[in-house]
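Asks: This is input30.tsv, which holds TSV, C-alpha atoms:
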chain	number	residue	atom	x	y	z
A	1	VAL	CA	8.56	18.56	-6.77
A	2	ILE	CA	5.96	16.97	-4.50
A	3	ASN	CA	2.80	15.32	-5.74
A	4	ASP	CA	0.30	12.65	-4.73
A	5	ASP	CA	-0.81	10.25	-7.44
A	6	GLY	CA	-3.14	8.38	-5.08
A	7	ASP	CA	-0.46	5.97	-3.87
A	8	GLY	CA	1.12	8.45	-1.46
A	9	ILE	CA	3.35	11.43	-2.02
A	10	LYS	CA	6.22	11.36	-4.45
A	11	ILE	CA	9.19	13.64	-3.88
A	12	GLU	CA	11.52	14.40	-6.75
A	13	GLY	CA	14.51	16.63	-7.26
A	14	ARG	CA	17.84	17.41	-5.67
A	15	GLY	CA	18.05	16.29	-2.05
A	16	ALA	CA	14.82	14.27	-2.13
A	17	ASP	CA	16.39	11.31	-0.30
A	18	ILE	CA	17.70	13.51	2.52
A	19	ARG	CA	14.37	15.37	2.82
A	20	ILE	CA	12.54	12.03	3.12
A	21	LYS	CA	15.01	10.78	5.74
A	22	ILE	CA	14.63	13.92	7.88
A	23	ALA	CA	10.82	14.03	7.61
A	24	SER	CA	10.41	10.33	8.43
A	25	ARG	CA	12.66	10.71	11.50
A	26	VAL	CA	10.74	13.75	12.77
A	27	ALA	CA	7.45	11.88	12.28
A	28	LYS	CA	8.59	9.39	14.93
A	29	GLU	CA	8.62	12.23	17.49
A	30	MET	CA	4.92	13.08	17.02
A	31	GLN	CA	2.47	12.33	19.83
A	32	ASN	CA	-1.06	11.19	19.03
A	33	GLY	CA	-3.54	14.07	19.23
A	34	ALA	CA	-0.88	16.81	19.26
A	35	ASN	CA	-1.57	20.27	17.80
A	36	VAL	CA	1.38	20.82	15.48
A	37	ASN	CA	2.55	23.80	13.43
A	38	LEU	CA	4.47	22.88	10.30
A	39	GLY	CA	6.95	25.35	8.87
A	40	ILE	CA	7.65	25.52	5.15
A	41	GLY	CA	9.75	22.98	3.28
A	42	ILE	CA	10.73	19.68	4.90
A	43	PRO	CA	8.31	20.09	7.86
A	44	THR	CA	5.33	19.85	5.50
A	45	LEU	CA	6.42	16.31	4.58
A	46	VAL	CA	6.23	14.98	8.15
A	47	PRO	CA	2.52	13.96	8.12
A	48	SER	CA	3.18	11.66	5.16
A	49	PHE	CA	5.45	9.54	7.37
A	50	LEU	CA	3.32	9.26	10.50
A	51	ASP	CA	2.61	5.85	11.97
A	52	SER	CA	-0.94	4.77	11.02
A	53	ASN	CA	-1.98	4.98	14.71
A	54	THR	CA	-0.75	8.57	15.13
A	55	ARG	CA	-3.12	11.42	14.34
A	56	ILE	CA	-2.01	15.02	14.71
A	57	ASN	CA	-3.90	18.28	14.22
A	58	LEU	CA	-2.04	20.46	11.73
A	59	HIS	CA	-1.84	24.23	12.04
A	60	ALA	CA	-0.67	26.46	9.19
A	61	GLU	CA	0.31	29.93	10.33
A	62	ASN	CA	-1.49	31.53	7.39
A	63	GLY	CA	-4.79	30.66	9.10
A	64	ILE	CA	-5.75	26.99	8.77
A	65	PHE	CA	-6.26	24.43	11.51
A	66	GLY	CA	-6.97	20.98	10.09
A	67	VAL	CA	-4.57	20.68	7.16
A	68	ASP	CA	-4.71	17.12	5.82
A	69	GLY	CA	-1.60	16.78	3.67
A	70	TYR	CA	-1.15	17.31	-0.03
A	71	PRO	CA	-3.97	16.97	-2.57
A	72	ARG	CA	-3.81	14.35	-5.27
A	73	THR	CA	-2.50	15.53	-8.61
A	74	GLY	CA	-5.30	17.37	-10.41
A	75	GLU	CA	-7.30	18.03	-7.22
A	76	GLU	CA	-5.43	21.17	-6.17
A	77	HIS	CA	-7.48	24.24	-5.21
A	78	PRO	CA	-5.84	27.66	-5.68
A	79	ASP	CA	-7.24	29.02	-2.40
A	80	LEU	CA	-6.15	26.10	-0.21
A	81	ILE	CA	-2.48	26.69	0.50
A	82	ASN	CA	-0.10	26.40	3.43
A	83	ALA	CA	2.32	29.08	4.65
A	84	GLY	CA	4.81	28.02	1.95
A	85	LYS	CA	2.19	28.63	-0.78
A	86	GLU	CA	1.86	24.90	-1.54
A	87	SER	CA	-1.53	23.37	-2.29
A	88	VAL	CA	-2.98	21.43	0.66
A	89	ARG	CA	-5.94	19.23	1.42
A	90	ILE	CA	-8.30	20.20	4.22
A	91	GLY	CA	-9.59	17.61	6.69
A	92	LYS	CA	-13.07	17.19	8.14
A	93	GLY	CA	-13.72	19.83	10.80
A	94	ALA	CA	-10.98	22.17	9.58
A	95	SER	CA	-11.25	25.86	10.35
A	96	PHE	CA	-10.01	29.03	8.69
A	97	PHE	CA	-9.10	32.28	10.40
A	98	SER	CA	-6.99	35.41	10.00
A	99	SER	CA	-3.23	35.43	10.32
A	100	SER	CA	-3.56	37.54	13.48
A	101	ASP	CA	-5.88	34.90	15.03
A	102	SER	CA	-3.42	32.23	13.92
A	103	PHE	CA	-0.61	33.94	15.78
A	104	GLY	CA	-2.94	34.37	18.73
A	105	MET	CA	-3.05	30.57	18.84
A	106	VAL	CA	0.75	30.47	18.64
A	107	ARG	CA	1.37	33.16	21.25
A	108	GLY	CA	-1.39	31.82	23.48
A	109	GLY	CA	0.39	28.49	23.88
A	110	HIS	CA	-2.21	26.39	22.05
A	111	LEU	CA	0.34	24.34	20.10
A	112	ASP	CA	2.06	21.22	21.40
A	113	CYS	CA	4.84	21.18	18.84
A	114	THR	CA	6.43	23.37	16.18
A	115	ILE	CA	8.48	21.92	13.33
A	116	LEU	CA	10.55	24.40	11.36
A	117	GLY	CA	13.72	24.77	9.36
A	118	ALA	CA	16.64	27.09	10.03
A	119	LEU	CA	19.89	28.08	8.39
A	120	GLN	CA	21.92	27.55	11.56
A	121	VAL	CA	21.33	26.29	15.09
A	122	SER	CA	23.72	27.20	17.92
A	123	ALA	CA	24.84	24.83	20.68
A	124	LEU	CA	22.27	26.57	22.91
A	125	GLY	CA	19.43	26.04	20.43
A	126	ASP	CA	19.32	29.60	19.05
A	127	ILE	CA	18.30	29.64	15.39
A	128	ALA	CA	19.24	31.77	12.42
A	129	ASN	CA	16.12	32.19	10.29
A	130	TRP	CA	16.40	31.47	6.61
A	131	ILE	CA	15.09	32.16	3.13
A	132	ILE	CA	16.00	30.56	-0.18
A	133	PRO	CA	17.85	33.11	-2.37
A	134	GLY	CA	15.76	34.10	-5.37
A	135	LYS	CA	12.53	32.60	-4.01
A	136	LEU	CA	9.75	35.03	-3.15
A	137	LEU	CA	8.21	34.64	0.29
A	138	LYS	CA	5.98	37.49	1.36
A	139	GLY	CA	6.48	38.64	4.91
A	140	MET	CA	9.00	37.70	7.55
A	141	GLY	CA	7.31	34.51	8.65
A	142	GLY	CA	6.58	33.49	12.18
A	143	ALA	CA	9.63	31.52	13.25
A	144	MET	CA	10.51	33.79	16.17
A	145	ASP	CA	6.96	33.60	17.54
A	146	LEU	CA	6.87	29.84	17.03
A	147	VAL	CA	10.12	29.07	18.81
A	148	ALA	CA	9.17	31.30	21.76
A	149	CYS	CA	5.59	30.07	22.23
A	150	GLY	CA	6.37	27.37	24.79
A	151	SER	CA	5.67	24.36	22.59
A	152	ASP	CA	8.19	21.64	21.82
A	153	VAL	CA	10.37	22.82	18.92
A	154	ILE	CA	11.95	20.56	16.32
A	155	VAL	CA	14.39	22.19	13.91
Please lay out the structure from this file as structure tokens.

Replies:
Amino acid sequence: VINDDGDGIKIEGRGADIRIKIASRVAKEMQNGANVNLGIGIPTLVPSFLDSNTRINLHAENGIFGVDGYPRTGEEHPDLINAGKESVRIGKGASFFSSSDSFGMVRGGHLDCTILGALQVSALGDIANWIIPGKLLKGMGGAMDLVACGSDVIV
């Protein structure tokens, strides 16, 4: 469970400590001004751990550029969601577009970094895509496009 009570996000549940540790470590890799795609799960936590001097532009593959983290509890909007179907906040100057335009951004090399999860990673960096058993995710997702788009990839 992830929520924001106004004092920053709170993460509860099994594995919360490990998720926080991973997200805070990945946040240290972010470059100021980077255009970054966040996969579902742990990657969506990364912006909460950015240094106060680091600003990144967040891309959600479902068609949002300008995601601004999680909304405060009670301020969720049912139409503002990321690719993992979680409620998000939208920043000033954000834009909305179709999924096909979103993947045009991906395939066109307009991202500096992609952060995603995977079930397995080989010694050569090949990934095995993943899904949580019993959890509904519509569509195949864009991991293969994202890892092949030429941006830096963090798994």

Asks: I need the residue nearest Asp126 of chain A from this list: A:Leu111, A:Ile154, A:Met105, A:Ala16. Use only C-alpha atoms for the distance.

Replies: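 Nearest candidate to Asp126 of chain A out of A:Leu111, A:Ile154, A:Met105, A:Ala16: A:Ile154.
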
Asks: What separation in Å, quoted to one decimal, exists between atom CA of Thr54 of chain A and atom CA of Asp145 of chain A?

Replies: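 Those two atoms sit 26.3 Å apart.
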
Asks: Give as a list in words the set of residues within 9 Å of the point (4.5, 28.2, 21.5), where distances use the file's coordinates and all atoms listed in the file.

Replies: Met105, Val106, Arg107, Gly108, Gly109, His110, Leu111, Asp112, Cys113, Thr114, Asp145, Leu146, Val147, Ala148, Cys149, Gly150, Ser151, Asp152 and Val153 of chain A

Asks: Take the selection from the previous step and output its residues with C-alpha atoms, as a PDB file, keeping the file's coordinate frame.

Replies:
ATOM      1  CA  MET A 105      -3.050  30.570  18.840  1.00  0.00           C
ATOM      2  CA  VAL A 106       0.750  30.470  18.640  1.00  0.00           C
ATOM      3  CA  ARG A 107       1.370  33.160  21.250  1.00  0.00           C
ATOM      4  CA  GLY A 108      -1.390  31.820  23.480  1.00  0.00           C
ATOM      5  CA  GLY A 109       0.390  28.490  23.880  1.00  0.00           C
ATOM      6  CA  HIS A 110      -2.210  26.390  22.050  1.00  0.00           C
ATOM      7  CA  LEU A 111       0.340  24.340  20.100  1.00  0.00           C
ATOM      8  CA  ASP A 112       2.060  21.220  21.400  1.00  0.00           C
ATOM      9  CA  CYS A 113       4.840  21.180  18.840  1.00  0.00           C
ATOM     10  CA  THR A 114       6.430  23.370  16.180  1.00  0.00           C
ATOM     11  CA  ASP A 145       6.960  33.600  17.540  1.00  0.00           C
ATOM     12  CA  LEU A 146       6.870  29.840  17.030  1.00  0.00           C
ATOM     13  CA  VAL A 147      10.120  29.070  18.810  1.00  0.00           C
ATOM     14  CA  ALA A 148       9.170  31.300  21.760  1.00  0.00           C
ATOM     15  CA  CYS A 149       5.590  30.070  22.230  1.00  0.00           C
ATOM     16  CA  GLY A 150       6.370  27.370  24.790  1.00  0.00           C
ATOM     17  CA  SER A 151       5.670  24.360  22.590  1.00  0.00           C
ATOM     18  CA  ASP A 152       8.190  21.640  21.820  1.00  0.00           C
ATOM     19  CA  VAL A 153      10.370  22.820  18.920  1.00  0.00           C
TER      20      VAL A 153
END

Asks: May I ask which of the residues A:Gly84, A:Gly69, A:Gly117, A:Gly125 is the closest one to Pro43 of chain A, counting only C-alpha atoms?

Replies: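 Result for the nearest residue to Pro43 of chain A: A:Gly117.
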
Asks: Can you pull out the residues contacting Asn129 of chain A? Cut-off 9 Å, using all atoms listed in the file, and skip same-chain residues under 4 positions away; I want them as a list in words.

Replies: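 In the requested form, the answer reads Gly117, Ala118, Leu119, Gln120, Ala143 and Met144 of chain A.
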
Asks: Using all atoms listed in the file, which of A:Leu45, A:Ala94, A:Val121, A:Ala27 sits nearest Lys10 of chain A?

Replies: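 For Lys10 of chain A, the nearest of the candidates is A:Leu45.
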
Asks: Check the smallest atom-to-atom distance from each of A:Ile9, A:Ile20, A:Val36, A:Ile64 to Leu80 of chain A using all atoms listed in the file, then report the winner.

Replies: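 When distances to Leu80 of chain A are compared using all atoms listed in the file, the smallest one comes from A:Ile64.
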
Asks: Tell me, in Å to one decimal, how far atom CA of Asp51 of chain A is from atom CA of Lys28 of chain A.

Replies: 7.6 Å

Asks: For Arg55 of chain A, which of A:Gly91, A:Gly142, A:Gly104, A:Gly13 is the closest residue, counting all atoms listed in the file?

Replies: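 For Arg55 of chain A, the nearest of the given residues is A:Gly91.
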
Asks: Hey, can you check how far atom CA of Gln31 of chain A sits from atom CA of His77 of chain A?

Replies: 29.5 Å

Asks: Which residue gives the smallest distance to Thr44 of chain A among A:Ser24, A:Thr73, A:Ser102, A:Ser95, with all atoms listed in the file counted?

Replies: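 Of A:Ser24, A:Thr73, A:Ser102, A:Ser95, the one nearest Thr44 of chain A, counting all atoms listed in the file, is A:Ser24.
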
Asks: Any idea what's packed within 8 Å of Ser99 of chain A, counting only C-alpha atoms, ignoring anything in its chain fewer than 4 positions away? Could you give it as a list in words?

Replies: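 The neighbour list is Glu61, Asn62, Gly63 and Phe103 of chain A.
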
Asks: Counting all atoms listed in the file, which residues sit no farther than 8 Å from the position (7.9, 18.2, 7.8) in the file's frame? I'd like them as a list of chain:residue names.

Replies: A:Ile22, A:Ala23, A:Val26, A:Ala27, A:Leu38, A:Gly39, A:Ile40, A:Gly41, A:Ile42, A:Pro43, A:Thr44, A:Leu45, A:Val46, A:Pro47, A:Ile115, A:Leu116

Asks: Produce a file of the selected residues containing C-alpha atoms, as a compact mmCIF listing (two decimals), in the frame of the given file.

Replies:
# COMPACT_ATOMS: atom_id res chain seq x y z
CA ILE A 22 14.63 13.92 7.88
CA ALA A 23 10.82 14.03 7.61
CA VAL A 26 10.74 13.75 12.77
CA ALA A 27 7.45 11.88 12.28
CA LEU A 38 4.47 22.88 10.30
CA GLY A 39 6.95 25.35 8.87
CA ILE A 40 7.65 25.52 5.15
CA GLY A 41 9.75 22.98 3.28
CA ILE A 42 10.73 19.68 4.90
CA PRO A 43 8.31 20.09 7.86
CA THR A 44 5.33 19.85 5.50
CA LEU A 45 6.42 16.31 4.58
CA VAL A 46 6.23 14.98 8.15
CA PRO A 47 2.52 13.96 8.12
CA ILE A 115 8.48 21.92 13.33
CA LEU A 116 10.55 24.40 11.36
